[in-house]
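A.B. asks: Below are the structure tokens for one structure; questions will follow.
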Amino acid sequence: MTVSYDGNDYRLVMFDLDDTLAPSKSPLDDQMVDLLRRMLDVSLGCIISGGNFTQFSKQVLARLGTFDSVGNLHLMPTCGTQYVRWSGNEWETVYAEYLTDDEKKRTLDVLETGAKELGIWESETWGEILEDRGSQITFSALGQKAPVDAKAAWDPDGAKKESLRAYAAERLPDLEVRSGGSTSVDVTKKGIDKAYGALKLMDILGLSTSDILFFGDRLDEGGNDYPVKALGITSIAVHGWPDTHAKLSAILEQS
């Protein structure tokens with residue numbers, strides 16, 4: 001089972017989630033649901049993103065429902081620090097690189113202190129600013145449930161988010177600090193990013209970089225999708241789910 005693109009066949013299609021398959025923290029559109037089901041009938045699929053499994057469940061699994069090829073879908077929450085797959089009866093966690101209590105406490109302290117010192121600790125928010133996702137700590141400037149338009153307007157050039165990333169990276173040298181979504185900074189164990197997740201999945205499934213096609217909206221150097229591209233995996237840059245839908249539709253029509 002493969003899909004064809006640019007004269008090559010790919011056994012697995014990998015996606016970022018927010019702003020690639022769906023708007024940030026939002027459920028899949030009906031059109032994307034139908035297209036992913038079609039794709040999973042002819043190839044393996046993987047979603048790798050900063051959200052936790054609960055977020056994946058709300059945005060993706062609740063929309064896809066149950067279907068014959070659900071076992072072809074692989075999920076990598078919190079930037080690949082976890083891997084979850086369908087057992088035939090339920091979604092089971094294969095591995096999770098959890099942070100220690102000390103790592104979590106230091107990270108939470110640094111992110112809050114840094115955001116306040118930098119003047120980006122907002123008083124009007126939608127939900128939690130700091131979230132413990134087990135294997136990842138996430139700072140979301142406007143809260144976990146902020147509307148898409150507010151998030152887009154908060155830091156259009158990424159300068160605010162980068163200032164906090166740099167502040168935290170200097171003070172947490174033993175951990176990995178990365179820019180996440182449009183308003184977020186993610187912290188995981190050292191050396192863990194989307195490339196780590198992709199490599200782990202390749203090892204588990206017996207795949208090579210040439211077997212994978214990746215869709216992401218942050219493939220620019222410094223973007224949270226860039227580590228996958230840097231592995232040598234063929235990557236397609238997209239700008240929102242309608243763009244992903246159009247490009248994936250064209251690929252499936254040619255396969």
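Every chain in the structure tokens takes a letter, A first, then B, and so on in the order presented; its residues are numbered from 1, and the ligands are numbered from 1 following the presented order.
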Please report as a Markdown table every residue of range 175-249 of chain A lying within 8 Å of range 32-45 of chain A, along with the nearest atom pair and their distance in Å (one decimal), using only C-alpha atoms.
C.D. replies:
| residue | atom | partner | partner_atom | distance |
| --- | --- | --- | --- | --- |
| A:Trp241 | CA | A:Met32 | CA | 7.8 |
| A:His245 | CA | A:Met32 | CA | 6.4 |
| A:Ser249 | CA | A:Leu35 | CA | 7.2 |
A.B. asks: Can you tell me, as a list in words, what residues are no more than 8 Å from range 111-124 of chain A when counting only C-alpha atoms, ignoring any on the same chain fewer than 3 positions away?
C.D. replies: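 Residues meeting the cut-off are Thr107, Leu108, Leu130, Phe139, Ala141, Leu142, Lys160, Ser163, Leu164, Tyr167 and Ala168 of chain A.
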A.B. asks: DSSP on the backbone, alpha helix (DSSP H) only: what residues of range 44-170 of chain A does that give? Format it as number ranges by chain.
C.D. replies: A: 53-56, 62-64, 77-80, 101-117, 148-154, 159-170
A.B. asks: Within 12 Å of Thr93 in chain A, counting only C-alpha atoms, which residues show up once you throw out same-chain ones fewer than 6 positions away? Write them as a list in words, please.
C.D. replies: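 Within the cut-off, the hits are Phe53, His74, Leu75, Met76, Pro77, Gly80, Thr81, Gln82, Tyr83, Val84, Arg85, Trp86 and Ser87 of chain A.
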A.B. asks: Quick check, in Å to one decimal: how far apart do CA of Gly50 in chain A and CA of Thr66 in chain A lie?
C.D. replies: 23.8 Å
A.B. asks: Going by DSSP on the backbone, which residues of range 6-242 of chain A come out as strand (DSSP E or B)? List them as an MDAnalysis selection string.
C.D. replies: chainID A and resid 8:10 12:15 18 22 44:48 73:76 82:86 91:96 130:132 137:140 175:179 184:189 212:216 234:237
A.B. asks: Take the selection from the previous step and output its residues with C-alpha atoms, as a PDB file, in the first residue's frame.
C.D. replies:
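Writing the result to again_31.pdb gives the following:
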ATOM      1  CA  ASN A   8       8.147   8.220  -5.787  1.00  0.00           C
ATOM      2  CA  ASP A   9       6.012   5.818  -3.750  1.00  0.00           C
ATOM      3  CA  TYR A  10       5.467   6.403  -0.040  1.00  0.00           C
ATOM      4  CA  LEU A  12       3.327   6.326   5.206  1.00  0.00           C
ATOM      5  CA  VAL A  13       1.936   9.863   5.102  1.00  0.00           C
ATOM      6  CA  MET A  14       2.738  11.914   8.219  1.00  0.00           C
ATOM      7  CA  PHE A  15       1.003  15.110   9.286  1.00  0.00           C
ATOM      8  CA  ASP A  18      -2.873  22.247  14.141  1.00  0.00           C
ATOM      9  CA  ALA A  22      -7.376  21.458  11.311  1.00  0.00           C
ATOM     10  CA  LEU A  44      -0.294   4.107   6.557  1.00  0.00           C
ATOM     11  CA  GLY A  45      -0.824   7.464   8.263  1.00  0.00           C
ATOM     12  CA  CYS A  46       0.668   9.249  11.260  1.00  0.00           C
ATOM     13  CA  ILE A  47      -0.216  12.462  13.072  1.00  0.00           C
ATOM     14  CA  ILE A  48       2.562  14.055  15.135  1.00  0.00           C
ATOM     15  CA  LEU A  73      -3.377   5.315  11.738  1.00  0.00           C
ATOM     16  CA  HIS A  74      -0.532   5.995  14.159  1.00  0.00           C
ATOM     17  CA  LEU A  75      -0.614   8.850  16.691  1.00  0.00           C
ATOM     18  CA  MET A  76       2.359  10.670  18.189  1.00  0.00           C
ATOM     19  CA  GLN A  82       4.432   9.425  23.074  1.00  0.00           C
ATOM     20  CA  TYR A  83       3.306   6.830  20.535  1.00  0.00           C
ATOM     21  CA  VAL A  84      -0.252   5.516  20.544  1.00  0.00           C
ATOM     22  CA  ARG A  85      -1.702   2.901  18.180  1.00  0.00           C
ATOM     23  CA  TRP A  86      -4.888   0.886  17.699  1.00  0.00           C
ATOM     24  CA  TRP A  91      -5.850   2.949  21.595  1.00  0.00           C
ATOM     25  CA  GLU A  92      -2.764   1.754  23.502  1.00  0.00           C
ATOM     26  CA  THR A  93       0.359   3.671  24.485  1.00  0.00           C
ATOM     27  CA  VAL A  94       3.498   1.988  23.141  1.00  0.00           C
ATOM     28  CA  TYR A  95       5.951   4.370  24.818  1.00  0.00           C
ATOM     29  CA  ALA A  96       5.959   7.696  26.664  1.00  0.00           C
ATOM     30  CA  LEU A 130       0.682  26.313  31.631  1.00  0.00           C
ATOM     31  CA  GLU A 131      -0.204  22.667  31.047  1.00  0.00           C
ATOM     32  CA  ASP A 132       1.493  19.500  32.281  1.00  0.00           C
ATOM     33  CA  ILE A 137       5.124  21.077  29.516  1.00  0.00           C
ATOM     34  CA  THR A 138       3.372  23.605  27.278  1.00  0.00           C
ATOM     35  CA  PHE A 139       3.086  27.367  27.689  1.00  0.00           C
ATOM     36  CA  SER A 140       0.117  28.810  25.786  1.00  0.00           C
ATOM     37  CA  LEU A 175      15.850  19.961  28.550  1.00  0.00           C
ATOM     38  CA  GLU A 176      14.565  20.586  25.007  1.00  0.00           C
ATOM     39  CA  VAL A 177      12.786  23.936  24.594  1.00  0.00           C
ATOM     40  CA  ARG A 178      11.007  24.579  21.277  1.00  0.00           C
ATOM     41  CA  SER A 179       8.529  26.927  19.687  1.00  0.00           C
ATOM     42  CA  SER A 184       3.045  28.199  22.532  1.00  0.00           C
ATOM     43  CA  VAL A 185       6.423  27.023  23.793  1.00  0.00           C
ATOM     44  CA  ASP A 186       6.976  23.296  24.466  1.00  0.00           C
ATOM     45  CA  VAL A 187       9.482  21.652  26.796  1.00  0.00           C
ATOM     46  CA  THR A 188      10.406  17.947  26.695  1.00  0.00           C
ATOM     47  CA  LYS A 189      13.346  15.756  27.622  1.00  0.00           C
ATOM     48  CA  ILE A 212       7.556   8.779   4.399  1.00  0.00           C
ATOM     49  CA  LEU A 213       5.806  11.856   3.012  1.00  0.00           C
ATOM     50  CA  PHE A 214       5.265  14.680   5.509  1.00  0.00           C
ATOM     51  CA  PHE A 215       2.829  17.614   5.546  1.00  0.00           C
ATOM     52  CA  GLY A 216       3.531  20.559   7.876  1.00  0.00           C
ATOM     53  CA  THR A 234      10.125  14.495   1.676  1.00  0.00           C
ATOM     54  CA  SER A 235       8.093  17.377   3.084  1.00  0.00           C
ATOM     55  CA  ILE A 236       5.224  19.433   1.686  1.00  0.00           C
ATOM     56  CA  ALA A 237       4.678  22.920   3.104  1.00  0.00           C
TER      57      ALA A 237
END
A.B. asks: What separation in Å, quoted to one decimal, exists between CA of Ala153 in chain A and CA of Ala246 in chain A?
C.D. replies: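 Distance reported for this atom pair: 25.8 Å.
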A.B. asks: Taking only C-alpha atoms into account, which of A:Lys58, A:Gly127, A:Thr183, A:Gly88 comes nearest Gly71 in chain A?
C.D. replies: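 Using only C-alpha atoms, the shortest distance to Gly71 in chain A belongs to A:Gly88.
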A.B. asks: So the first atom is CA of Cys79 in chain A and the second is CA of Gly134 in chain A; what is the distance between them in Å, to one decimal place?
C.D. replies: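 Taking CA of Cys79 in chain A as the start and CA of Gly134 in chain A as the end point, the length is 12.1 Å.
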A.B. asks: Go through A:Glu221, A:Asp16, A:Asp155, A:Asp211 and flag the residue nearest Thr2 in chain A, using only C-alpha atoms for the distances.
C.D. replies: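 Using only C-alpha atoms, the shortest distance to Thr2 in chain A belongs to A:Asp211.
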A.B. asks: With distances taken over only C-alpha atoms, which of A:Pro156, A:Glu170, A:Gly232, A:Val70 is nearest to Glu90 in chain A?
C.D. replies: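 Counting only C-alpha atoms, the residue closest to Glu90 in chain A is A:Val70.
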A.B. asks: Hey, which of A:Trp154, A:Leu205, A:Asp30, A:Gly223 ends up closest to Asn72 in chain A? Count only C-alpha atoms.
C.D. replies: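 Among the listed residues, the smallest separation from Asn72 in chain A belongs to A:Leu205.
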